[in-house]
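Note sheet for the following structure.
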Amino acid sequence: QHGQCTMTTASQVPPPVLVRAVELPSSDHRAVIVSLNRPEKKNCFDLQVVHALSAAFRDINRKVQEQQLQQQSRGNEEDDGGEGQIAAVILTGEGSSFCAGADLSNPPSPLDQSSDLPHHLYANPVHQMSLCPVPIIAALKGYVITGGFELALACDILVGDSSTIFRDTHVKFGLAPCWGLSQKLQRRVGPGRAKMISLSACKVKAQHAYDWGLLDELVPADKVAHDRALEIADHIASNNMTMVQRYLRAIHEGGSTDLAKGLQRERELGIAHYIEAVGDGSTFEGAKEFIADDTRPRSKL
């Protein structure tokens with residue numbers, strides 16, 4: 001139902017996003033694990049990944065909403081919310097990194113991703129994540145860069161291991177954020193630290209990220225973020241799921257009172273910037289040249 005874990009042959013192209021459900025031991029509920037599946041590209045996302053990720057969350061949202069309707073029809077508001085429900089989503093990446101940003105050989109249109117038109121929001125993964133009725137837990141490792149940083153910030157709980165490195169390179173390459181980084185980061189770490197991170201384009205390593213509140217939990221060396229994320233999902237699932245979803249909505253709505261205006265402003269800035277940048281044809285050229293430069297220092301990740 002949820003999985004795309006099929007065997008592939010040399011002639012088959014692996015799915016860009018893997019989706020599978022796992023049973024949680026402390027309840028009859030499940031977690032859905034959504035994994036970016038381009039490990040050879042450090043899970044950089046192209047247009048296909050963006051469409052697949054959006055579709056995955058649309059499907060999860062639909063299933064949770066169907067569960068809510070079934071629960072309401074039973075009228076069992078005081079029980080545990082029904083059996084076999086999706087209790088949480090875990091977003092992660094295959095291989096050594098969560099997501100190193102956009103694949104500039106075939107990036108999603110920044111104008112489309114900045115748009116709030118319904119047909120663009122339909123294929124906007126961060127928007128679809130914002131509609132998810134259950135908590136999204138990010139299981140982070142390796143690179144969490146620019147667009148990948150924004151995907152992480154779209155999650156409710158961020159768990160990372162010691163290899164996790166955050167970096168916002170928008171200003172380095174003259175790009176505008178499309179998925180809320182300029183607004184969400186400062187709400188996690190404060191405006192001063194957000195400016196330091198985004199305006200310097202410097203790396204933020206795992207311990208620093210945890211100390212600043214960017215990571216909610218830094219797992220010890222003998223554990224991996226994926227396993228800890230499953231433990232958190234299991235704790236969530238052991239509670240009343242009706243109240244979990246209502247509480248999550250209350251937190252989202254309370255925290256987004258001014259965020260909505262900020263996100264609208266970011267979209268306006270992004271559209272204005274990309275109309276100008278696309279017009280002169282240089283949108284991604286600086287970033288492409290940086291990536292192709294064989295003389296620059298390389299990470300061992």
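We name chains A, B, ... following the order of the structure tokens; residues begin at 1 in each chain, and ligands are numbered from 1 as shown.
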Would you write out, as JSON lines, a table of all residues in region 188-223 of chain A that have an atom no more than 12 Å from an atom of region 129-153 of chain A, listing for each the closest atom pair and the distance in Å to one decimal, considering only C-alpha atoms and ordering rows by chain and rising residue number?
{"residue": "A:Arg188", "atom": "CA", "partner": "A:Leu153", "partner_atom": "CA", "distance": 9.0}
{"residue": "A:Val189", "atom": "CA", "partner": "A:Leu153", "partner_atom": "CA", "distance": 11.6}
{"residue": "A:Ile197", "atom": "CA", "partner": "A:Thr146", "partner_atom": "CA", "distance": 11.0}
{"residue": "A:Ser198", "atom": "CA", "partner": "A:Thr146", "partner_atom": "CA", "distance": 9.3}
{"residue": "A:Ala201", "atom": "CA", "partner": "A:Thr146", "partner_atom": "CA", "distance": 9.4}
{"residue": "A:Cys202", "atom": "CA", "partner": "A:Ile145", "partner_atom": "CA", "distance": 10.5}
{"residue": "A:Lys203", "atom": "CA", "partner": "A:Ile145", "partner_atom": "CA", "distance": 8.9}
{"residue": "A:Val204", "atom": "CA", "partner": "A:Val144", "partner_atom": "CA", "distance": 9.7}
{"residue": "A:Lys205", "atom": "CA", "partner": "A:Gly142", "partner_atom": "CA", "distance": 9.6}
{"residue": "A:Ala206", "atom": "CA", "partner": "A:Lys141", "partner_atom": "CA", "distance": 9.0}
{"residue": "A:Ala209", "atom": "CA", "partner": "A:Val144", "partner_atom": "CA", "distance": 11.4}
{"residue": "A:Gly213", "atom": "CA", "partner": "A:Leu153", "partner_atom": "CA", "distance": 11.9}
{"residue": "A:Leu214", "atom": "CA", "partner": "A:Leu153", "partner_atom": "CA", "distance": 8.8}
{"residue": "A:Leu215", "atom": "CA", "partner": "A:Leu140", "partner_atom": "CA", "distance": 9.1}
{"residue": "A:Asp216", "atom": "CA", "partner": "A:Ala138", "partner_atom": "CA", "distance": 9.9}
{"residue": "A:Glu217", "atom": "CA", "partner": "A:Ala139", "partner_atom": "CA", "distance": 10.0}
{"residue": "A:Leu218", "atom": "CA", "partner": "A:Leu140", "partner_atom": "CA", "distance": 9.6}
{"residue": "A:Val219", "atom": "CA", "partner": "A:Leu140", "partner_atom": "CA", "distance": 10.1}
{"residue": "A:Lys223", "atom": "CA", "partner": "A:Lys141", "partner_atom": "CA", "distance": 11.7}
Closest pair table for region 105-202 of chain A residues within 6 Å of region 30-48 of chain A, only C-alpha atoms, as CSV:
residue,atom,partner,partner_atom,distance
A:Asn106,CA,A:Asp46,CA,5.3
A:Pro107,CA,A:Asp46,CA,4.8
A:Pro108,CA,A:Leu47,CA,4.6
Write the residues of the selection above to a file with N, CA, C and O atoms, as a CSV table (one decimal), in the first residue's frame.
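Output file selection_17.csv is given in full below:
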chain,number,residue,atom,x,y,z
A,106,ASN,N,18.8,19.7,-13.6
A,106,ASN,CA,17.3,19.7,-13.9
A,106,ASN,C,16.6,20.2,-12.6
A,106,ASN,O,15.8,19.5,-12.0
A,107,PRO,N,16.8,21.5,-12.2
A,107,PRO,CA,16.2,22.0,-11.0
A,107,PRO,C,14.7,22.2,-11.2
A,107,PRO,O,14.2,22.5,-12.3
A,108,PRO,N,13.9,22.2,-10.2
A,108,PRO,CA,12.5,22.6,-10.3
A,108,PRO,C,12.5,24.1,-10.5
A,108,PRO,O,13.4,24.8,-10.1
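Secondary structure from DSSP on the backbone puts strand (DSSP E) at the following positions of region 103-178 of chain A: Ile136, Ile137, Ala138, Ala139, Leu140, Tyr143, Val144, Ile145, Ile157, Leu158, Val159, Gly160, Ile165, Phe166 and Arg167 of chain A.
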Produce a file of the selected residues containing C-alpha atoms, as a PDB file, in the first residue's frame.
ATOM      1  CA  ILE A 136       6.874  14.831  10.536  1.00  0.00           C
ATOM      2  CA  ILE A 137      10.227  13.826  12.036  1.00  0.00           C
ATOM      3  CA  ALA A 138      13.395  14.585  10.079  1.00  0.00           C
ATOM      4  CA  ALA A 139      16.133  11.952  10.428  1.00  0.00           C
ATOM      5  CA  LEU A 140      19.215  13.898   9.351  1.00  0.00           C
ATOM      6  CA  TYR A 143      24.645  17.347   4.101  1.00  0.00           C
ATOM      7  CA  VAL A 144      21.504  19.390   4.796  1.00  0.00           C
ATOM      8  CA  ILE A 145      22.104  22.200   2.331  1.00  0.00           C
ATOM      9  CA  ILE A 157      11.034  17.520  14.898  1.00  0.00           C
ATOM     10  CA  LEU A 158      14.659  17.484  13.700  1.00  0.00           C
ATOM     11  CA  VAL A 159      16.899  14.614  14.807  1.00  0.00           C
ATOM     12  CA  GLY A 160      20.471  14.376  13.526  1.00  0.00           C
ATOM     13  CA  ILE A 165      26.074  19.672   8.420  1.00  0.00           C
ATOM     14  CA  PHE A 166      23.647  22.505   7.701  1.00  0.00           C
ATOM     15  CA  ARG A 167      24.406  25.196   5.150  1.00  0.00           C
TER      16      ARG A 167
END
Do you know which residues are at most 12 Å from Arg246 (chain A) counting only C-alpha atoms, after dropping those on the same chain fewer than 2 positions away, and could you put them as a list in words?
Gln68, Glu77, Gly81, Cys132, Pro133, Val134, Pro135, Asn240, Met241, Thr242, Met243, Val244, Leu248, Arg249, Ala250, Ile251, His252 and Glu253 of chain A
Could the residues in this selection be written to a file with C-alpha atoms, as an mmCIF file, in the first residue's frame?
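result-v4.cif, written as the output of this step:
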data_model
loop_
_atom_site.group_PDB
_atom_site.id
_atom_site.type_symbol
_atom_site.label_atom_id
_atom_site.label_comp_id
_atom_site.auth_asym_id
_atom_site.auth_seq_id
_atom_site.Cartn_x
_atom_site.Cartn_y
_atom_site.Cartn_z
ATOM 1 C CA GLN A 68 -10.028 10.885 10.619
ATOM 2 C CA GLU A 77 -13.591 10.375 20.297
ATOM 3 C CA GLY A 81 -8.011 7.151 17.782
ATOM 4 C CA CYS A 132 0.207 16.838 6.971
ATOM 5 C CA PRO A 133 -2.078 16.187 9.968
ATOM 6 C CA VAL A 134 0.509 14.049 11.823
ATOM 7 C CA PRO A 135 4.006 14.970 13.032
ATOM 8 C CA ASN A 240 -4.384 9.406 21.995
ATOM 9 C CA MET A 241 -3.994 10.053 18.270
ATOM 10 C CA THR A 242 -7.017 12.314 18.049
ATOM 11 C CA MET A 243 -5.446 14.614 20.630
ATOM 12 C CA VAL A 244 -1.991 14.341 19.053
ATOM 13 C CA LEU A 248 -0.160 19.562 16.552
ATOM 14 C CA ARG A 249 -2.660 21.745 14.698
ATOM 15 C CA ALA A 250 -2.889 24.108 17.674
ATOM 16 C CA ILE A 251 0.909 24.486 17.753
ATOM 17 C CA HIS A 252 1.056 25.066 13.999
ATOM 18 C CA GLU A 253 -1.746 27.620 14.020
#
Under the rule that only C-alpha atoms are counted, which of A:Asp161, A:Asp156, A:Asp116, A:Glu94 is the nearest residue to Asp227 (chain A)?
A:Asp161
In region 121-250 of chain A, what's alpha helix (DSSP H) per DSSP? Answer as a ChimeraX atom specification?
/A:121,125-130,147-153,181-189,191-200,206-212,225-237,241-250
Output C-alpha atoms of each residue in that selection to a file, as an mmCIF file, in the first residue's frame.
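And here's again-v1.cif as it stands now:
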data_model
loop_
_atom_site.group_PDB
_atom_site.id
_atom_site.type_symbol
_atom_site.label_atom_id
_atom_site.label_comp_id
_atom_site.auth_asym_id
_atom_site.auth_seq_id
_atom_site.Cartn_x
_atom_site.Cartn_y
_atom_site.Cartn_z
ATOM 1 C CA LEU A 121 1.156 24.359 -4.634
ATOM 2 C CA PRO A 125 6.549 19.404 -1.454
ATOM 3 C CA VAL A 126 6.947 21.866 1.415
ATOM 4 C CA HIS A 127 3.370 23.056 0.992
ATOM 5 C CA GLN A 128 2.130 19.466 0.959
ATOM 6 C CA MET A 129 4.187 18.770 4.092
ATOM 7 C CA SER A 130 2.557 21.764 5.788
ATOM 8 C CA GLY A 147 16.835 23.377 -0.462
ATOM 9 C CA GLY A 148 17.592 20.356 1.717
ATOM 10 C CA PHE A 149 17.803 22.749 4.679
ATOM 11 C CA GLU A 150 14.337 23.998 3.743
ATOM 12 C CA LEU A 151 12.973 20.438 3.558
ATOM 13 C CA ALA A 152 14.345 19.799 7.050
ATOM 14 C CA LEU A 153 12.747 22.987 8.398
ATOM 15 C CA LEU A 181 14.024 29.277 5.045
ATOM 16 C CA SER A 182 14.181 33.050 5.565
ATOM 17 C CA GLN A 183 11.194 32.862 7.929
ATOM 18 C CA LYS A 184 11.448 29.483 9.636
ATOM 19 C CA LEU A 185 15.141 29.511 10.548
ATOM 20 C CA GLN A 186 14.894 32.653 12.680
ATOM 21 C CA ARG A 187 11.969 31.122 14.543
ATOM 22 C CA ARG A 188 14.209 28.226 15.541
ATOM 23 C CA VAL A 189 17.513 29.923 16.319
ATOM 24 C CA PRO A 191 17.121 36.393 14.106
ATOM 25 C CA GLY A 192 20.791 37.050 14.900
ATOM 26 C CA ARG A 193 21.912 33.474 14.434
ATOM 27 C CA ALA A 194 19.671 33.113 11.386
ATOM 28 C CA LYS A 195 21.420 36.101 9.816
ATOM 29 C CA MET A 196 24.805 34.636 10.689
ATOM 30 C CA ILE A 197 23.916 31.301 9.076
ATOM 31 C CA SER A 198 22.219 32.635 5.955
ATOM 32 C CA LEU A 199 24.221 35.778 5.215
ATOM 33 C CA SER A 200 27.613 34.117 5.712
ATOM 34 C CA ALA A 206 25.892 19.056 14.298
ATOM 35 C CA GLN A 207 26.952 20.039 17.822
ATOM 36 C CA HIS A 208 26.638 23.732 17.005
ATOM 37 C CA ALA A 209 23.238 23.132 15.432
ATOM 38 C CA TYR A 210 22.057 21.324 18.558
ATOM 39 C CA ASP A 211 23.406 24.014 20.877
ATOM 40 C CA TRP A 212 21.540 26.667 18.876
ATOM 41 C CA ALA A 225 19.052 9.349 13.580
ATOM 42 C CA HIS A 226 16.692 7.023 11.705
ATOM 43 C CA ASP A 227 16.391 4.660 14.707
ATOM 44 C CA ARG A 228 15.853 7.525 17.137
ATOM 45 C CA ALA A 229 13.195 9.014 14.860
ATOM 46 C CA LEU A 230 11.359 5.679 14.953
ATOM 47 C CA GLU A 231 11.546 5.670 18.757
ATOM 48 C CA ILE A 232 10.014 9.158 18.858
ATOM 49 C CA ALA A 233 7.288 8.074 16.434
ATOM 50 C CA ASP A 234 6.577 5.085 18.689
ATOM 51 C CA HIS A 235 6.228 7.363 21.740
ATOM 52 C CA ILE A 236 3.830 9.587 19.785
ATOM 53 C CA ALA A 237 1.796 6.574 18.631
ATOM 54 C CA MET A 241 -3.994 10.053 18.270
ATOM 55 C CA THR A 242 -7.017 12.314 18.049
ATOM 56 C CA MET A 243 -5.446 14.614 20.630
ATOM 57 C CA VAL A 244 -1.991 14.341 19.053
ATOM 58 C CA GLN A 245 -3.375 15.667 15.770
ATOM 59 C CA ARG A 246 -5.410 18.412 17.434
ATOM 60 C CA TYR A 247 -2.459 19.489 19.595
ATOM 61 C CA LEU A 248 -0.160 19.562 16.552
ATOM 62 C CA ARG A 249 -2.660 21.745 14.698
ATOM 63 C CA ALA A 250 -2.889 24.108 17.674
#
Give one line per residue of region 83-192 of chain A that approaches region 264-273 of chain A to at most 10 Å, naming the two atoms of the closest pair and their distance in Å to one decimal, counting only C-alpha atoms; sort by chain then ascending residue number and deliver it as CSV.
residue,atom,partner,partner_atom,distance
A:Pro110,CA,A:Gly270,CA,7.7
A:Leu111,CA,A:Ile271,CA,5.7
A:Asp112,CA,A:Ile271,CA,8.7
A:Gln113,CA,A:Arg267,CA,8.7
A:Ser114,CA,A:Arg267,CA,5.0
A:Ser115,CA,A:Arg267,CA,6.6
A:Asp116,CA,A:Arg267,CA,7.9
A:Gly174,CA,A:His273,CA,9.1
A:Leu175,CA,A:His273,CA,8.0
A:Ala176,CA,A:Gly270,CA,5.3
A:Pro177,CA,A:Gly270,CA,6.6
A:Cys178,CA,A:Gly270,CA,6.4
A:Trp179,CA,A:Arg267,CA,8.5
A:Gly180,CA,A:Glu266,CA,7.1
A:Leu181,CA,A:Glu266,CA,8.9
A:Ser182,CA,A:Glu266,CA,7.2
A:Gln183,CA,A:Glu266,CA,7.8
With C-alpha atoms kept, could you save the residues just selected as a PDB file, in the first residue's frame?
ATOM      1  CA  PRO A 110      11.974  28.546  -8.646  1.00  0.00           C
ATOM      2  CA  LEU A 111       9.135  30.663 -10.024  1.00  0.00           C
ATOM      3  CA  ASP A 112       6.736  27.721  -9.750  1.00  0.00           C
ATOM      4  CA  GLN A 113       7.993  26.840  -6.271  1.00  0.00           C
ATOM      5  CA  SER A 114       7.602  30.474  -5.146  1.00  0.00           C
ATOM      6  CA  SER A 115       4.058  30.661  -6.481  1.00  0.00           C
ATOM      7  CA  ASP A 116       0.935  30.309  -4.363  1.00  0.00           C
ATOM      8  CA  GLY A 174      22.390  34.876  -5.826  1.00  0.00           C
ATOM      9  CA  LEU A 175      19.364  32.652  -5.276  1.00  0.00           C
ATOM     10  CA  ALA A 176      16.199  33.420  -3.316  1.00  0.00           C
ATOM     11  CA  PRO A 177      14.641  30.928  -0.884  1.00  0.00           C
ATOM     12  CA  CYS A 178      11.347  29.444  -2.058  1.00  0.00           C
ATOM     13  CA  TRP A 179      10.376  27.091   0.766  1.00  0.00           C
ATOM     14  CA  GLY A 180      10.408  29.280   3.867  1.00  0.00           C
ATOM     15  CA  LEU A 181      14.024  29.277   5.045  1.00  0.00           C
ATOM     16  CA  SER A 182      14.181  33.050   5.565  1.00  0.00           C
ATOM     17  CA  GLN A 183      11.194  32.862   7.929  1.00  0.00           C
TER      18      GLN A 183
END
